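Asks: Dropping the structure in here first, questions after.
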2 protein chains.
Amino acid sequence: MESYPDRHNRHSERSYAMLGTGALGGYYGGCLQKAGLDVHFLLRSDYNHVSQSGLVIESTDGDFTLSQVNAYQDVKDMPRCDVVAIALKTTQNHLLPDLLLPVLKDDGVVLVLQNGLGIEDAVAEIVGSHRVIGGMCFVCANKVAPGHIRHLDYKAISLGEYTADYHPAGITARMRQIATDFESAGIPIDLSEDLLLARWQKLVWNIPYNGLSVILNARTDELMANASTRALVEELMAEVVAGAARFDRHISSSFVQNMLDRTAKMKPYKTSMKIDYDLQRPLEVEAIVGSPLRLAEAAGTNLPQIRTLYRQLKFLDRKNQG
Amino acid sequence: MESYPDRHNRHSERSYAMLGTGALGGYYGGCLQKAGLDVHFLLRSDYNHVSQSGLVIESTDGDFTLSQVNAYQDVKDMPRCDVVAIALKTTQNHLLPDLLLPVLKDDGVVLVLQNGLGIEDAVAEIVGSHRVIGGMCFVCANKVAPGHIRHLDYKAISLGEYTADYHPAGITARMRQIATDFESAGIPIDLSEDLLLARWQKLVWNIPYNGLSVILNARTDELMANASTRALVEELMAEVVAGAARFDRHISSSFVQNMLDRTAKMKPYKTSMKIDYDLQRPLEVEAIVGSPLRLAEAAGTNLPQIRTLYRQLKFLDRKNQG
């Protein structure tokens, strides 16, 4: 395991704030810092540990330790940054009105790394619709202890510019700049001209696997190996495709097939929602399942199998929270 | 607790065979014997206990013990009976070709007390379609130990004559005779002119509560108290109603409302499927969920929320057995 001092190799003028230093914020922020970028981490429960001991990243690409990181408990102590990445659980998004503005430069941009639909709208209400970029993370990573992230598989991010009515915004200069930073840290970036399409595409994976992993107490490999759940996964994916189509976003059958193939090849994986459930944390049901369900149904497209999952997850989440 | 010698008070010439002496067979057979009828019980694992110690029925109507019962391990040892009641789990129905004929009088009738759709068709193939009556048991009872049944709530049975094409067969003389016997034992009998309607009506309760109790590890009262699962129960009931309607069986909204009201007032109850699941027994998924689902979908009516339950239950059943 190598140890990197912070910022010895800085080669971007852009500064990054990571709001949240769990699996996502710790992994991506750690990679960016290791690549020499100026990164600032907001923490809550892990603040004391990380401010003293830094971050440990175990990764299939090679383990590394950042013995010192810029750790903060309060956004008021953070410098204003060029890119403010939201890496909290969506169940914490009620905090965003207080978190975003103190740490965002006037010409800075918020990068929403969370899953689900509708989050950019809420962020845009706080910072303005011209200062929001969506990021869909295709990554298997867990926080295994304070400041200790285990990266298991995949790592790419899809970026897409937000616009108030979700019309496709094309590829912008600041998307390319952010992509350059992440790629310098070894993170492949896919630039999407159409954020809404990319968001629905992400749901093709997230709704069936996150939902069923919690409801059926199952890993992804178990869901794929059983003929009944394999069929159910495909039916749920077809409903996501139907929801997207209602908004004129067309997800090809080869995209769906690719998600199935990737998951079948993936190491046995506990989804993030299942990890939250097992740790008795609130589940991201509303962002990942409830929000797309309501949007589709309000537009007149019935998604009964997703609605079944939604109601089951709401019950389990409530019971799990006591 | 009173103790009744067997058959001291016999007032019907009809003899009954109970194929299976679990909650259903033990409770109803015990009540019939207590009322003086000639009852013969087929047992498997509990044979030694019951042949020596008889049956204990704890009931809200008053506890009673039958210190001696006619217990058998093999149908070849049983007398031929007028009424052969199938009180096995449907997961044992592959045994029926060997069980029914040796114990059924030439002019006898098979009374199918099991849940689900399509069972009478299979029985009719063995004994002929003119010798089958369906019985839907509305009862909360569990076997708590060998030969020990706990009756918790409700007890009525709906009877309906089977016909090969399920055309309504009206009320027949033998239905009235069986009703007289059960009513002499304190069991209210509802005579149904239309077995298929009665079967679908029973599914209005069985599909949502049995299915969700297993999938969500929940009692009926929990499913009713949570707004999400309460809504899901109603949606699933609406799909059962739609399935029935495809076969020109019309279940009124007041029937559905009555099921909801009865369940809300019911003592907190672990469904039979949940009990099977917890004891790692095979689940009656095919009879209760798979069969009606396939019939409706083959007839062109899509039941996506029930299909979701079906696939989830198949996964859990397999995992639980394996």
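Chain lettering (A, B, ...) mirrors the order of the structure tokens, residue numbering begins at 1 for each chain separately, and ligand numbering begins at 1 in order of display.
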Hey, could you make a per-residue contact list for chain A against chain B with 8 Å as the cut-off, showing the nearest pair of atoms and its distance in Å to one decimal, counting only C-alpha atoms, sorted by chain and number, as a Markdown table?

Replies:
| residue | atom | partner | partner_atom | distance |
| --- | --- | --- | --- | --- |
| A:Ile215 | CA | B:Leu216 | CA | 6.9 |
| A:Leu216 | CA | B:Ile215 | CA | 6.9 |
| A:Asn226 | CA | B:Phe315 | CA | 6.6 |
| A:Ser228 | CA | B:Arg311 | CA | 4.9 |
| A:Thr229 | CA | B:Arg311 | CA | 6.0 |
| A:Ala231 | CA | B:Arg311 | CA | 7.9 |
| A:Leu232 | CA | B:Arg311 | CA | 6.4 |
| A:Pro304 | CA | B:Gln305 | CA | 5.9 |
| A:Gln305 | CA | B:Gln305 | CA | 5.4 |
| A:Thr308 | CA | B:Gln305 | CA | 6.1 |
| A:Arg311 | CA | B:Ser228 | CA | 4.9 |
| A:Gln312 | CA | B:Thr229 | CA | 6.6 |
| A:Lys314 | CA | B:Ser228 | CA | 6.3 |
| A:Phe315 | CA | B:Ser228 | CA | 6.1 |
| A:Leu316 | CA | B:Leu216 | CA | 7.0 |

Asks: May I have the residues within 6 Å of region 128-133 of chain B as a PyMOL selection string, using only C-alpha atoms and disregarding those fewer than 6 positions away in the same chain?

Replies: chain B and resi 109-111+160-162+164

Asks: Can you write out the residues you just picked, keeping N, CA, C and O atoms, as a short mmCIF file (atom, residue, chain, number, x, y, z; two decimals), in the first residue's frame?

Replies:
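As a result, selection_13.cif now contains:
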data_model
loop_
_atom_site.label_atom_id
_atom_site.label_comp_id
_atom_site.auth_asym_id
_atom_site.auth_seq_id
_atom_site.Cartn_x
_atom_site.Cartn_y
_atom_site.Cartn_z
N VAL B 109 -68.13 -38.69 -2.45
CA VAL B 109 -67.74 -37.43 -3.06
C VAL B 109 -66.45 -36.94 -2.39
O VAL B 109 -66.23 -37.16 -1.19
N VAL B 110 -65.59 -36.33 -3.21
CA VAL B 110 -64.37 -35.73 -2.68
C VAL B 110 -64.64 -34.25 -2.39
O VAL B 110 -65.16 -33.53 -3.24
N LEU B 111 -64.29 -33.83 -1.18
CA LEU B 111 -64.47 -32.44 -0.76
C LEU B 111 -63.09 -31.79 -0.70
O LEU B 111 -62.28 -32.11 0.16
N GLY B 160 -69.23 -25.58 -2.98
CA GLY B 160 -69.71 -25.41 -4.35
C GLY B 160 -69.46 -26.67 -5.16
O GLY B 160 -68.38 -27.27 -5.07
N GLU B 161 -70.45 -27.09 -5.95
CA GLU B 161 -70.30 -28.28 -6.80
C GLU B 161 -69.37 -27.98 -7.96
O GLU B 161 -69.48 -26.94 -8.62
N TYR B 162 -68.49 -28.93 -8.25
CA TYR B 162 -67.60 -28.80 -9.39
C TYR B 162 -68.28 -29.33 -10.64
O TYR B 162 -68.98 -30.35 -10.60
N ALA B 164 -67.22 -29.80 -15.01
CA ALA B 164 -66.01 -29.84 -15.84
C ALA B 164 -65.69 -28.49 -16.47
O ALA B 164 -64.54 -28.10 -16.58
#

Asks: How close does each residue of region 161-243 of chain B get to region 256-272 of chain B, giving the shortest atom pair and distance in Å to one decimal for every residue with an atom at most 7 Å away, counting only C-alpha atoms, sorted by chain and residue number, as CSV?

Replies:
residue,atom,partner,partner_atom,distance
B:Trp205,CA,B:Met259,CA,6.6
B:Asn210,CA,B:Thr271,CA,5.6
B:Ser213,CA,B:Thr271,CA,6.8
B:Arg219,CA,B:Lys270,CA,5.2
B:Thr220,CA,B:Tyr269,CA,5.5
B:Asp221,CA,B:Pro268,CA,5.2
B:Met224,CA,B:Ala264,CA,6.4

Asks: Between CA of His40 (chain B) and CA of Ala173 (chain B), what distance in Å does the model show, to one decimal?

Replies: 23.1 Å

Asks: With DSSP run on the backbone, what are the strand (DSSP E) residues within region 80-137 of chain A? I'd like them as a list of chain:residue names.

Replies: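 Taking region 80-137 of chain A and keeping strand (DSSP E) only, one gets A:Cys81, A:Asp82, A:Val83, A:Val84, A:Ala85, A:Ile86, A:Leu104, A:Lys105, A:Asp106, A:Asp107, A:Gly108, A:Val109, A:Val110, A:Leu111, A:Val112, A:Val132, A:Ile133, A:Gly134, A:Gly135, A:Met136, A:Cys137.
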
Asks: Between CA of Ala299 (chain B) and CA of Gly243 (chain B), measure the distance and give it in Å to one decimal.

Replies: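 The value is 9.0 Å.
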
Asks: Quick one: everything within 6 Å of region 283-294 of chain B, counting only C-alpha atoms, minus sequence neighbours fewer than 5 positions away in the same chain. Send it as a list in words.

Replies: Thr91, Gly116 and Leu117 of chain B

Asks: Residues near Ile251 (chain B), anyone? I mean within 8 Å using only C-alpha atoms, not counting same-chain ones fewer than 2 positions away, as a list in words.

Replies: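 Counting only the stated atoms, we get Leu197, Gln201, Val241, Ala244, Ala245, Arg249, Ser253, Phe255 and Val256 of chain B.
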
Asks: Include all heavy atoms and write out the residues we just selected as an mmCIF file, in the first residue's frame.

Replies:
data_model
loop_
_atom_site.group_PDB
_atom_site.id
_atom_site.type_symbol
_atom_site.label_atom_id
_atom_site.label_comp_id
_atom_site.auth_asym_id
_atom_site.auth_seq_id
_atom_site.Cartn_x
_atom_site.Cartn_y
_atom_site.Cartn_z
ATOM 1 N N LEU B 197 -66.745 -18.758 -8.923
ATOM 2 C CA LEU B 197 -66.875 -17.456 -8.254
ATOM 3 C C LEU B 197 -66.365 -17.539 -6.818
ATOM 4 O O LEU B 197 -65.589 -16.692 -6.367
ATOM 5 C CB LEU B 197 -68.338 -16.984 -8.263
ATOM 6 C CG LEU B 197 -68.631 -15.722 -7.444
ATOM 7 C CD1 LEU B 197 -67.855 -14.514 -7.968
ATOM 8 C CD2 LEU B 197 -70.134 -15.418 -7.426
ATOM 9 N N GLN B 201 -63.322 -15.532 -5.165
ATOM 10 C CA GLN B 201 -63.572 -14.693 -3.985
ATOM 11 C C GLN B 201 -62.572 -15.013 -2.876
ATOM 12 O O GLN B 201 -62.063 -14.116 -2.205
ATOM 13 C CB GLN B 201 -65.004 -14.905 -3.486
ATOM 14 C CG GLN B 201 -66.048 -14.221 -4.368
ATOM 15 C CD GLN B 201 -67.476 -14.532 -3.939
ATOM 16 O OE1 GLN B 201 -67.769 -15.636 -3.482
ATOM 17 N NE2 GLN B 201 -68.357 -13.553 -4.102
ATOM 18 N N VAL B 241 -59.959 -9.287 -8.630
ATOM 19 C CA VAL B 241 -61.288 -8.990 -9.167
ATOM 20 C C VAL B 241 -61.247 -8.936 -10.699
ATOM 21 O O VAL B 241 -62.139 -9.467 -11.379
ATOM 22 C CB VAL B 241 -61.821 -7.667 -8.571
ATOM 23 C CG1 VAL B 241 -63.093 -7.219 -9.277
ATOM 24 C CG2 VAL B 241 -62.066 -7.834 -7.063
ATOM 25 N N ALA B 244 -60.996 -12.495 -12.056
ATOM 26 C CA ALA B 244 -62.312 -13.152 -11.989
ATOM 27 C C ALA B 244 -63.233 -12.639 -13.094
ATOM 28 O O ALA B 244 -63.952 -13.418 -13.738
ATOM 29 C CB ALA B 244 -62.944 -12.924 -10.618
ATOM 30 N N ALA B 245 -63.191 -11.337 -13.318
ATOM 31 C CA ALA B 245 -64.081 -10.734 -14.320
ATOM 32 C C ALA B 245 -63.806 -11.298 -15.710
ATOM 33 O O ALA B 245 -64.716 -11.434 -16.530
ATOM 34 C CB ALA B 245 -63.915 -9.206 -14.319
ATOM 35 N N ARG B 249 -66.915 -13.768 -13.734
ATOM 36 C CA ARG B 249 -67.267 -13.849 -12.315
ATOM 37 C C ARG B 249 -67.088 -12.463 -11.725
ATOM 38 O O ARG B 249 -65.975 -11.922 -11.753
ATOM 39 C CB ARG B 249 -66.367 -14.853 -11.588
ATOM 40 C CG ARG B 249 -66.981 -16.225 -11.451
ATOM 41 C CD ARG B 249 -67.381 -16.807 -12.768
ATOM 42 N NE ARG B 249 -67.963 -18.144 -12.636
ATOM 43 C CZ ARG B 249 -68.191 -18.966 -13.647
ATOM 44 N NH1 ARG B 249 -67.910 -18.598 -14.898
ATOM 45 N NH2 ARG B 249 -68.724 -20.149 -13.440
ATOM 46 N N SER B 253 -67.537 -4.628 -5.062
ATOM 47 C CA SER B 253 -66.647 -3.837 -4.213
ATOM 48 C C SER B 253 -67.022 -4.001 -2.739
ATOM 49 O O SER B 253 -66.166 -3.889 -1.864
ATOM 50 C CB SER B 253 -66.676 -2.364 -4.626
ATOM 51 O OG SER B 253 -67.993 -1.888 -4.571
ATOM 52 N N PHE B 255 -67.898 -6.838 -1.396
ATOM 53 C CA PHE B 255 -67.219 -8.067 -0.965
ATOM 54 C C PHE B 255 -65.772 -7.756 -0.598
ATOM 55 O O PHE B 255 -65.265 -8.186 0.443
ATOM 56 C CB PHE B 255 -67.268 -9.129 -2.074
ATOM 57 C CG PHE B 255 -66.561 -10.408 -1.689
ATOM 58 C CD1 PHE B 255 -67.248 -11.447 -1.084
ATOM 59 C CD2 PHE B 255 -65.194 -10.555 -1.923
ATOM 60 C CE1 PHE B 255 -66.583 -12.612 -0.704
ATOM 61 C CE2 PHE B 255 -64.524 -11.717 -1.545
ATOM 62 C CZ PHE B 255 -65.235 -12.745 -0.939
ATOM 63 N N VAL B 256 -65.114 -6.988 -1.470
ATOM 64 C CA VAL B 256 -63.716 -6.620 -1.213
ATOM 65 C C VAL B 256 -63.611 -5.819 0.092
ATOM 66 O O VAL B 256 -62.753 -6.081 0.941
ATOM 67 C CB VAL B 256 -63.148 -5.813 -2.404
ATOM 68 C CG1 VAL B 256 -61.784 -5.231 -2.070
ATOM 69 C CG2 VAL B 256 -63.067 -6.699 -3.648
#

Asks: Skip region 139-151 of chain B itself and residues of its chain fewer than 2 positions away, then list as a VMD selection string all residues within 6 Å of it, counting only C-alpha atoms.

Replies: chain B and resid 22 to 23 46 50 55 to 59 137 153 to 155

Asks: Can you pull out every residue within 12 Å of Asn93 (chain A), counting only C-alpha atoms, but drop anything in the same chain fewer than 5 positions away, and send it as a list of chain:residue names?

Replies: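 In the requested form, the answer reads A:Leu19, A:Gly20, A:Ile86, A:Ala87, A:Leu88, A:Asp98, A:Leu99, A:Leu100, A:Val112, A:Gln114, A:Asn115, A:Gly118, A:Ile119, A:Glu120, A:Asp121, A:Ala122, A:Val123, A:Ile126, A:Glu284, A:Glu286, A:Ala287.
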
Asks: Got time to write the residues from that selection, N, CA and C atoms, as a compact mmCIF listing (two decimals), in the first residue's frame?

Replies:
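See selection_9.txt below for the written result:
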# COMPACT_ATOMS: atom_id res chain seq x y z
N LEU A 19 -19.36 16.84 -0.66
CA LEU A 19 -20.34 16.90 0.42
C LEU A 19 -20.75 15.46 0.73
N GLY A 20 -20.13 14.93 1.77
CA GLY A 20 -20.34 13.52 2.10
C GLY A 20 -19.09 12.72 1.77
N ILE A 86 -22.23 16.53 -4.71
CA ILE A 86 -23.15 16.03 -3.68
C ILE A 86 -23.00 14.52 -3.62
N ALA A 87 -22.41 14.03 -2.54
CA ALA A 87 -22.17 12.60 -2.36
C ALA A 87 -22.82 12.11 -1.07
N LEU A 88 -23.84 12.83 -0.62
CA LEU A 88 -24.67 12.40 0.51
C LEU A 88 -25.65 11.34 0.03
N ASP A 98 -28.86 24.45 3.23
CA ASP A 98 -27.85 25.04 4.09
C ASP A 98 -26.42 24.72 3.65
N LEU A 99 -26.25 23.63 2.89
CA LEU A 99 -24.90 23.17 2.58
C LEU A 99 -24.30 23.79 1.33
N LEU A 100 -25.14 24.06 0.33
CA LEU A 100 -24.57 24.33 -1.00
C LEU A 100 -23.97 25.72 -1.14
N VAL A 112 -24.21 16.67 -9.09
CA VAL A 112 -25.09 15.78 -8.33
C VAL A 112 -24.71 14.34 -8.63
N GLN A 114 -25.73 11.75 -6.97
CA GLN A 114 -26.69 10.83 -6.36
C GLN A 114 -27.52 10.09 -7.40
N ASN A 115 -28.14 9.03 -6.94
CA ASN A 115 -29.05 8.25 -7.77
C ASN A 115 -30.46 8.81 -7.73
N GLY A 118 -35.16 13.70 -10.24
CA GLY A 118 -35.76 14.88 -9.62
C GLY A 118 -34.85 15.63 -8.68
N ILE A 119 -33.65 15.12 -8.45
CA ILE A 119 -32.77 15.78 -7.48
C ILE A 119 -32.23 17.09 -8.03
N GLU A 120 -31.89 17.07 -9.33
CA GLU A 120 -31.36 18.31 -9.91
C GLU A 120 -32.37 19.46 -9.82
N ASP A 121 -33.66 19.12 -9.93
CA ASP A 121 -34.67 20.18 -9.82
C ASP A 121 -34.57 20.87 -8.46
N ALA A 122 -34.43 20.05 -7.41
CA ALA A 122 -34.36 20.61 -6.05
C ALA A 122 -33.08 21.41 -5.87
N VAL A 123 -31.97 20.93 -6.45
CA VAL A 123 -30.70 21.65 -6.35
C VAL A 123 -30.78 22.97 -7.12
N ILE A 126 -32.10 25.92 -5.42
CA ILE A 126 -31.21 26.53 -4.43
C ILE A 126 -30.13 27.37 -5.11
N GLU A 284 -33.05 5.01 0.30
CA GLU A 284 -33.28 6.02 -0.74
C GLU A 284 -34.46 5.62 -1.64
N GLU A 286 -37.43 7.09 -2.09
CA GLU A 286 -38.12 8.15 -2.83
C GLU A 286 -37.35 8.57 -4.07
N ALA A 287 -36.05 8.79 -3.95
CA ALA A 287 -35.26 9.24 -5.10
C ALA A 287 -35.20 8.17 -6.19

Asks: Taking only C-alpha atoms into account, which of B:Gln33, B:Thr301, B:Ser252, B:Thr60 comes nearest Tyr16 (chain B)?

Replies: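 Looking only at the distances to Tyr16 (chain B), the closest residue turns out to be B:Gln33.
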